[in-house]
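Please read the structure below before turning to the comments.
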Amino acid sequence: MAVLATTRTLIAATLPVVFLCDQVQYVSAQTTSVLPPLAPSPSAAPPTSRGLHSLFVAAGKLYFGNTFDVNVFNDSAYQAIADDVNEFGMVVPENSQKWGPIQPTEGDFQFGNTDAVLDKVEANGQMFRCHALTWHSQLPTFVQNGTWTRETLTAAIQTHISTVVTRYKSQCYSWDVVNEALNENGTFRDSVFLRVLGTDYLPISFLAAAEADPSAKLYYNDFNLETSQRKADGAARIVQIIRDGGARIDGLGFQAHLRAGITPTQANLTATLKRFTDLGLEVTLSELDIALNITDGPPTREMLAQQAADYVSAVGACLAVPKCVGITVWQFTDKYSWIPGTFPGLGDACLYTSNFTKKPAYFAVENLLISVAESVKAVVSGEAAGVSSNGTINGAGGNNGTSSGGFNGTASGLPGTVEGGGVVGDNEAADAALRSGGSLSRGWGDGHSVVSCVLGVMAALVIL
């Protein structure tokens, strides 16, 4: 008997269709073409914003977050947005918990900056994601240049992790226990930890973190896992090494520092995320930004459209994977983005401009989340469809639309139509419709809500 088992099951099944209904039309998991407009027409203005975090939670996820540190505390315009729990429900301290800032000399722990960030987070009612414990970069001199044996370096790692994690026990949703341990080819990055301890430093770190705070989720975190098969293979080896060492690992952080136009497709990123959830892990996009090439000047309309589509693909991939628990952007505004200072010629990577204006990418993500959140609400409350025992979805299809059918059925509603579709594999409904000669049509400026399109095509989906 077909049932609407969970909100997340619904999201995973409907997501490709949502892309087709959204402001940025993501036509197929195999294509990266984008059909602007960059902003809706005056006759079809987007609904009043409810905030990305609130929308993401309504779509079945745990959080949509941001990173900042004490350097932005005096920027009132920044704080007005960053402190809004509806916009950002999770905060990561950008630098203050890394080994160098928090223990600059042996035994001298400097908690003041992290405490200040946490005080603000708690006052706002936000969650706290903690970052990072064992990392080759931003190490203090005493660690980087010390003369170590296996015993003394093991003790130094254990002392550092125990002291820092205990300080914030029960206040961190998760910890990035080990950060960026891999080269691009999937081999292990040279570091003082690897040279002295080999890969044993991985389970040593995770065991120490688990002992200090049994309730925190423990993550491995790295970049380019989304784009490099060999690096993703290396991350899978890390998971096994940690488990073979008797330690617990709960999640994998995909940093998702991406470049517009060369990001993975939604289908490919979904498959990569699912590879690791199939190992029993939860996953997150832990540091999302999507940079533009600004060597020749400010971004063009077409560049912003591509960036918007790529943000939708990334967010959509998380929506499509039930155990992708959330997304954190690595600064919401270009004003404080790390990208230009690290990669000359790249920039404008964030959802807001330096003047705190929302970009097309923001509205594209917002509209996607509105579509999914409203569809989930409608179906769970019985407004969008009824489910029969033979797996057919029947009932109202949208704004005065009607719908019927299940596998290989036909669905129609206003303002879009999908024909010849059905559910093929996990997330291929829209592609199946197109491959089998079906069609989809909608216009952003036609006066209809994007939600009605989603509801119209949902009757083609059987949710098991």
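Residues in the structure tokens are named by chain (A, B, ... in the order shown) and by number from 1 within that chain; ligands are numbered from 1 in the order shown.
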- Neighbour list for region 278-283 of chain A as a list in words, cut-off 6 Å, only C-alpha atoms, skip fewer than 3 positions in-chain: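 Selected residues are Asp250, Gly251, Leu252, Gly253, Lys274, Arg275, Lys323 and Cys324 of chain A.
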- Item | All strand (DSSP E) positions in region 325-390 of chain A, as a list in words | Val325, Gly326, Ile327, Thr328, Val329, Leu346, Gly347, Gly386 and Val387 of chain A
Write the selection just made, keeping N, CA, C and O atoms, as a PDB file, in the first residue's frame?
ATOM      1  N   VAL A 325      21.142  16.916   6.186  1.00  0.00           N
ATOM      2  CA  VAL A 325      20.389  17.554   7.260  1.00  0.00           C
ATOM      3  C   VAL A 325      20.324  19.068   7.132  1.00  0.00           C
ATOM      4  O   VAL A 325      19.427  19.700   7.711  1.00  0.00           O
ATOM      5  N   GLY A 326      21.277  19.673   6.394  1.00  0.00           N
ATOM      6  CA  GLY A 326      21.252  21.124   6.327  1.00  0.00           C
ATOM      7  C   GLY A 326      22.321  21.682   5.415  1.00  0.00           C
ATOM      8  O   GLY A 326      23.126  20.954   4.830  1.00  0.00           O
ATOM      9  N   ILE A 327      22.306  23.003   5.305  1.00  0.00           N
ATOM     10  CA  ILE A 327      23.258  23.741   4.478  1.00  0.00           C
ATOM     11  C   ILE A 327      23.739  24.955   5.266  1.00  0.00           C
ATOM     12  O   ILE A 327      22.941  25.648   5.910  1.00  0.00           O
ATOM     13  N   THR A 328      25.044  25.197   5.207  1.00  0.00           N
ATOM     14  CA  THR A 328      25.620  26.430   5.741  1.00  0.00           C
ATOM     15  C   THR A 328      26.313  27.161   4.607  1.00  0.00           C
ATOM     16  O   THR A 328      27.108  26.565   3.872  1.00  0.00           O
ATOM     17  N   VAL A 329      26.006  28.446   4.437  1.00  0.00           N
ATOM     18  CA  VAL A 329      26.749  29.256   3.468  1.00  0.00           C
ATOM     19  C   VAL A 329      27.955  29.861   4.179  1.00  0.00           C
ATOM     20  O   VAL A 329      27.881  30.244   5.348  1.00  0.00           O
ATOM     21  N   LEU A 346      38.293  35.839  -8.835  1.00  0.00           N
ATOM     22  CA  LEU A 346      37.007  35.235  -8.497  1.00  0.00           C
ATOM     23  C   LEU A 346      36.346  36.039  -7.386  1.00  0.00           C
ATOM     24  O   LEU A 346      37.016  36.697  -6.593  1.00  0.00           O
ATOM     25  N   GLY A 347      35.032  35.958  -7.324  1.00  0.00           N
ATOM     26  CA  GLY A 347      34.309  36.674  -6.281  1.00  0.00           C
ATOM     27  C   GLY A 347      32.815  36.610  -6.477  1.00  0.00           C
ATOM     28  O   GLY A 347      32.299  35.765  -7.210  1.00  0.00           O
ATOM     29  N   GLY A 386      -4.914  12.622  -2.719  1.00  0.00           N
ATOM     30  CA  GLY A 386      -5.213  11.458  -1.915  1.00  0.00           C
ATOM     31  C   GLY A 386      -4.450  10.289  -2.479  1.00  0.00           C
ATOM     32  O   GLY A 386      -4.175  10.235  -3.667  1.00  0.00           O
ATOM     33  N   VAL A 387      -4.093   9.327  -1.646  1.00  0.00           N
ATOM     34  CA  VAL A 387      -3.322   8.192  -2.101  1.00  0.00           C
ATOM     35  C   VAL A 387      -4.155   6.938  -1.947  1.00  0.00           C
ATOM     36  O   VAL A 387      -4.625   6.616  -0.866  1.00  0.00           O
TER      37      VAL A 387
END
- Item | helix (DSSP H, G or I) call set, DSSP backbone run, region 44-181 of chain A, as an NGL selection string | :A and (44 or 52-58 or 70-72 or 76-82 or 99-102 or 112-124 or 141-144 or 150-167)
- In Å, with one decimal, what is the gap from CA of Arg167 (chain A) to CA of Arg150 (chain A)?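 Separating CA of Arg167 (chain A) from CA of Arg150 (chain A) is a distance of 25.8 Å.
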- Within 12 Å of Ile81 (chain A) using only C-alpha atoms, minus same-chain residues under 2 positions, as a VMD selection string: chain A and resid 51 to 52 65 to 66 68 72 to 73 75 to 79 83 to 89 124 331 to 333 352 355 to 358
- Rounded to one decimal in Å, what is the spacing between CA of Asn185 (chain A) and CA of Thr277 (chain A)?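 CA of Thr277 (chain A) lies 22.2 Å from CA of Asn185 (chain A).
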- A:Ala271, A:Val321, A:Gly198, A:Val121 ranked by distance to Lys61 (chain A), top pick (using only C-alpha atoms):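 Checking each of A:Ala271, A:Val321, A:Gly198, A:Val121 against Lys61 (chain A), counting only C-alpha atoms, the winner is A:Val321.
The shortest atom-to-atom distance to Asp119 (chain A), with only C-alpha atoms taken into account, belongs to A:Asp69 out of A:Asp69, A:Asp244, A:Glu94, A:Asp176.
Between Ser137 (chain A) and the residues A:Ala123, A:Leu118, A:Leu292, A:Val178, the shortest atom-to-atom distance, using only C-alpha atoms, involves A:Val178.
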- Query: Out of A:Ile294, A:Met90, A:Ala267, A:Ala314, which residue has the shortest atom-to-atom distance to Gln255 (chain A) when counting only C-alpha atoms?
  - Reply: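 With only C-alpha atoms as the atom set, the closest residue is A:Ala314.
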- Message: Set the distance at 9 Å and use only C-alpha atoms: which residues neighbour region 205-215 of chain A once local chain neighbours fewer than 4 positions away are removed? I'd like the list as a ChimeraX atom specification.
- Response: /A:133-134,154,157-159,161-166,168-170,172-175,177-178,200-201,219,242,245-249
Would you write out those residues with N, CA and C atoms, as a CSV table (one decimal), in the first residue's frame?
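Heads up, here's the output in again_6.csv:
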chain,number,residue,atom,x,y,z
A,133,LEU,N,38.7,20.9,14.7
A,133,LEU,CA,39.6,20.4,15.7
A,133,LEU,C,41.0,20.1,15.2
A,134,THR,N,41.1,19.0,14.4
A,134,THR,CA,42.4,18.6,13.9
A,134,THR,C,42.4,19.0,12.4
A,154,THR,N,50.0,12.3,20.2
A,154,THR,CA,48.7,11.8,20.6
A,154,THR,C,48.2,12.5,21.8
A,157,ILE,N,47.0,16.1,20.9
A,157,ILE,CA,45.7,16.0,20.2
A,157,ILE,C,44.5,15.8,21.2
A,158,GLN,N,44.7,14.8,22.1
A,158,GLN,CA,43.7,14.4,23.0
A,158,GLN,C,43.4,15.6,24.0
A,159,THR,N,44.5,16.2,24.5
A,159,THR,CA,44.3,17.4,25.4
A,159,THR,C,43.6,18.5,24.7
A,161,ILE,N,41.6,18.5,22.1
A,161,ILE,CA,40.2,18.2,21.7
A,161,ILE,C,39.4,18.0,23.0
A,162,SER,N,39.9,17.4,24.0
A,162,SER,CA,39.1,17.2,25.3
A,162,SER,C,38.8,18.6,25.9
A,163,THR,N,39.8,19.5,25.9
A,163,THR,CA,39.6,20.8,26.5
A,163,THR,C,38.6,21.6,25.8
A,164,VAL,N,38.7,21.7,24.4
A,164,VAL,CA,37.8,22.5,23.6
A,164,VAL,C,36.4,22.0,23.6
A,165,VAL,N,36.3,20.7,23.3
A,165,VAL,CA,35.0,20.1,23.2
A,165,VAL,C,34.2,20.1,24.5
A,166,THR,N,34.9,19.8,25.6
A,166,THR,CA,34.3,19.9,26.9
A,166,THR,C,33.8,21.3,27.2
A,168,TYR,N,32.5,23.4,25.3
A,168,TYR,CA,31.2,23.6,24.6
A,168,TYR,C,30.3,22.4,24.5
A,169,LYS,N,30.5,21.5,25.5
A,169,LYS,CA,29.7,20.3,25.6
A,169,LYS,C,28.2,20.6,25.6
A,170,SER,N,27.5,19.9,24.8
A,170,SER,CA,26.0,20.0,24.7
A,170,SER,C,25.6,21.2,24.1
A,172,CYS,N,27.1,22.3,21.0
A,172,CYS,CA,27.4,22.2,19.5
A,172,CYS,C,26.5,21.1,19.0
A,173,TYR,N,25.8,21.4,17.9
A,173,TYR,CA,25.1,20.3,17.2
A,173,TYR,C,26.1,19.3,16.7
A,174,SER,N,27.2,19.8,16.1
A,174,SER,CA,28.2,18.9,15.5
A,174,SER,C,29.5,19.5,15.6
A,175,TRP,N,30.6,18.7,15.4
A,175,TRP,CA,31.9,19.1,15.4
A,175,TRP,C,32.6,18.7,14.1
A,177,VAL,N,35.5,17.3,13.3
A,177,VAL,CA,36.6,16.8,14.1
A,177,VAL,C,37.9,16.8,13.3
A,178,VAL,N,37.9,16.3,12.1
A,178,VAL,CA,39.1,16.4,11.2
A,178,VAL,C,38.7,17.1,9.9
A,200,ASP,N,46.6,7.0,11.9
A,200,ASP,CA,46.0,6.8,13.2
A,200,ASP,C,45.5,8.1,13.9
A,201,TYR,N,46.0,9.2,13.4
A,201,TYR,CA,45.5,10.5,14.0
A,201,TYR,C,44.0,10.7,13.7
A,219,TYR,N,31.9,14.9,12.6
A,219,TYR,CA,32.0,15.0,11.1
A,219,TYR,C,33.5,14.9,10.6
A,242,ILE,N,38.4,5.3,10.4
A,242,ILE,CA,37.9,5.8,11.7
A,242,ILE,C,37.1,4.7,12.3
A,245,GLY,N,39.3,1.9,13.6
A,245,GLY,CA,40.0,2.3,14.8
A,245,GLY,C,39.1,2.3,16.0
A,246,GLY,N,37.9,1.9,15.9
A,246,GLY,CA,37.0,1.8,17.0
A,246,GLY,C,36.3,3.1,17.4
A,247,ALA,N,36.3,4.1,16.4
A,247,ALA,CA,35.7,5.4,16.7
A,247,ALA,C,34.4,5.5,16.0
A,248,ARG,N,33.7,6.5,16.5
A,248,ARG,CA,32.4,6.9,15.9
A,248,ARG,C,32.5,8.0,14.9
A,249,ILE,N,31.9,7.9,13.7
A,249,ILE,CA,31.8,9.1,12.8
A,249,ILE,C,30.3,9.1,12.4
- Between CA of Lys231 (chain A) and CA of Asn183 (chain A), measure the distance and give it in Å to one decimal. 7.2 Å
- Query: Smallest atom-to-atom distance to Ile262 (chain A): which of A:Thr227, A:Ala235, A:Asn74, A:Pro140, using only C-alpha atoms?
  - Reply: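 Between A:Thr227, A:Ala235, A:Asn74, A:Pro140, the residue approaching Ile262 (chain A) most closely is A:Thr227.
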- Task: Compile the contact shell of Gly345 (chain A) as a VMD selection string: residues with an atom at most 12 Å away, counting only C-alpha atoms, same-chain residues fewer than 2 positions apart removed.
- Result: chain A and resid 259 291 to 299 339 to 343 347 to 349
Next, dump the selected residues to file, keeping only N, CA, C and O atoms, as a compact mmCIF listing (two decimals), in the first residue's frame.
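For reference, part35.txt as written:
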# COMPACT_ATOMS: atom_id res chain seq x y z
N ARG A 259 32.29 26.76 -8.36
CA ARG A 259 32.39 27.84 -9.34
C ARG A 259 31.23 27.74 -10.31
O ARG A 259 30.91 26.66 -10.82
N ALA A 291 31.39 30.80 -6.72
CA ALA A 291 32.13 31.98 -7.17
C ALA A 291 31.93 32.25 -8.66
O ALA A 291 31.72 31.34 -9.46
N LEU A 292 32.05 33.53 -9.00
CA LEU A 292 32.00 33.98 -10.39
C LEU A 292 33.38 34.49 -10.80
O LEU A 292 34.14 34.99 -9.98
N ASN A 293 33.65 34.40 -12.10
CA ASN A 293 34.87 34.98 -12.64
C ASN A 293 34.61 36.46 -12.92
O ASN A 293 33.86 36.81 -13.82
N ILE A 294 35.23 37.33 -12.13
CA ILE A 294 35.00 38.77 -12.25
C ILE A 294 36.26 39.49 -12.74
O ILE A 294 36.41 40.69 -12.52
N THR A 295 37.12 38.74 -13.43
CA THR A 295 38.36 39.34 -13.94
C THR A 295 38.07 40.51 -14.86
O THR A 295 38.77 41.54 -14.85
N ASP A 296 37.01 40.39 -15.68
CA ASP A 296 36.70 41.42 -16.67
C ASP A 296 35.67 42.42 -16.19
O ASP A 296 35.16 43.22 -16.99
N GLY A 297 35.32 42.40 -14.92
CA GLY A 297 34.38 43.36 -14.41
C GLY A 297 33.22 42.70 -13.69
O GLY A 297 33.22 41.48 -13.44
N PRO A 298 32.22 43.49 -13.33
CA PRO A 298 31.07 42.97 -12.58
C PRO A 298 30.37 41.86 -13.36
O PRO A 298 30.44 41.79 -14.58
N PRO A 299 29.70 40.97 -12.65
CA PRO A 299 29.03 39.86 -13.32
C PRO A 299 27.91 40.34 -14.24
O PRO A 299 27.22 41.31 -13.95
N ILE A 339 36.57 34.48 -0.68
CA ILE A 339 36.96 34.08 -2.03
C ILE A 339 37.92 35.08 -2.69
O ILE A 339 38.99 34.69 -3.18
N PRO A 340 37.61 36.38 -2.77
CA PRO A 340 38.51 37.29 -3.51
C PRO A 340 39.92 37.35 -2.95
O PRO A 340 40.88 37.49 -3.70
N GLY A 341 40.04 37.25 -1.64
CA GLY A 341 41.36 37.31 -1.04
C GLY A 341 42.19 36.07 -1.23
O GLY A 341 43.41 36.10 -1.09
N THR A 342 41.54 34.97 -1.57
CA THR A 342 42.24 33.69 -1.74
C THR A 342 42.41 33.33 -3.21
O THR A 342 43.43 32.73 -3.59
N PHE A 343 41.44 33.69 -4.03
CA PHE A 343 41.46 33.35 -5.45
C PHE A 343 41.29 34.62 -6.28
O PHE A 343 40.15 34.99 -6.61
N GLY A 347 35.03 35.96 -7.32
CA GLY A 347 34.31 36.67 -6.28
C GLY A 347 32.81 36.61 -6.48
O GLY A 347 32.30 35.77 -7.21
N ASP A 348 32.09 37.52 -5.80
CA ASP A 348 30.63 37.61 -5.89
C ASP A 348 29.99 36.25 -5.70
O ASP A 348 29.06 35.86 -6.41
N ALA A 349 30.48 35.51 -4.69
CA ALA A 349 30.11 34.10 -4.54
C ALA A 349 28.89 33.87 -3.66
O ALA A 349 28.39 32.75 -3.59
- Task: Please provide as a list of chain:residue names all residues within 8 Å of region 97-113 of chain A, with the sequence filter that same-chain residues fewer than 4 positions apart are discarded (counting only C-alpha atoms).
- Result: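 Surrounding residues, per the criterion: A:Asp69, A:Val70, A:Pro93, A:Val117, A:Cys130, A:His131, A:Ala132, A:Leu133, A:Thr134, A:Trp135, A:Gln138, A:Leu139, A:Pro140, A:Thr141, A:Phe142, A:His160.
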Selection above as a file: C-alpha atoms, as an mmCIF file, in the first residue's frame:
data_model
loop_
_atom_site.group_PDB
_atom_site.id
_atom_site.type_symbol
_atom_site.label_atom_id
_atom_site.label_comp_id
_atom_site.auth_asym_id
_atom_site.auth_seq_id
_atom_site.Cartn_x
_atom_site.Cartn_y
_atom_site.Cartn_z
ATOM 1 C CA ASP A 69 32.930 35.650 13.855
ATOM 2 C CA VAL A 70 33.614 38.600 16.139
ATOM 3 C CA PRO A 93 32.249 30.374 14.158
ATOM 4 C CA VAL A 117 29.802 34.162 19.144
ATOM 5 C CA CYS A 130 31.488 23.809 15.736
ATOM 6 C CA HIS A 131 34.603 23.958 13.512
ATOM 7 C CA ALA A 132 37.388 22.601 13.505
ATOM 8 C CA LEU A 133 39.587 20.450 15.748
ATOM 9 C CA THR A 134 42.351 18.600 13.857
ATOM 10 C CA TRP A 135 43.449 20.476 10.750
ATOM 11 C CA GLN A 138 46.059 27.558 11.088
ATOM 12 C CA LEU A 139 48.120 25.526 13.528
ATOM 13 C CA PRO A 140 50.087 27.292 16.259
ATOM 14 C CA THR A 141 53.857 27.201 15.992
ATOM 15 C CA PHE A 142 54.231 24.829 18.916
ATOM 16 C CA HIS A 160 43.353 19.935 22.792
#
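Considering the residues A:Glu226, A:Asp310, A:Asp115, A:Asp190 and counting only C-alpha atoms, Gln144 (chain A) has its shortest atom-to-atom contact with A:Asp190.
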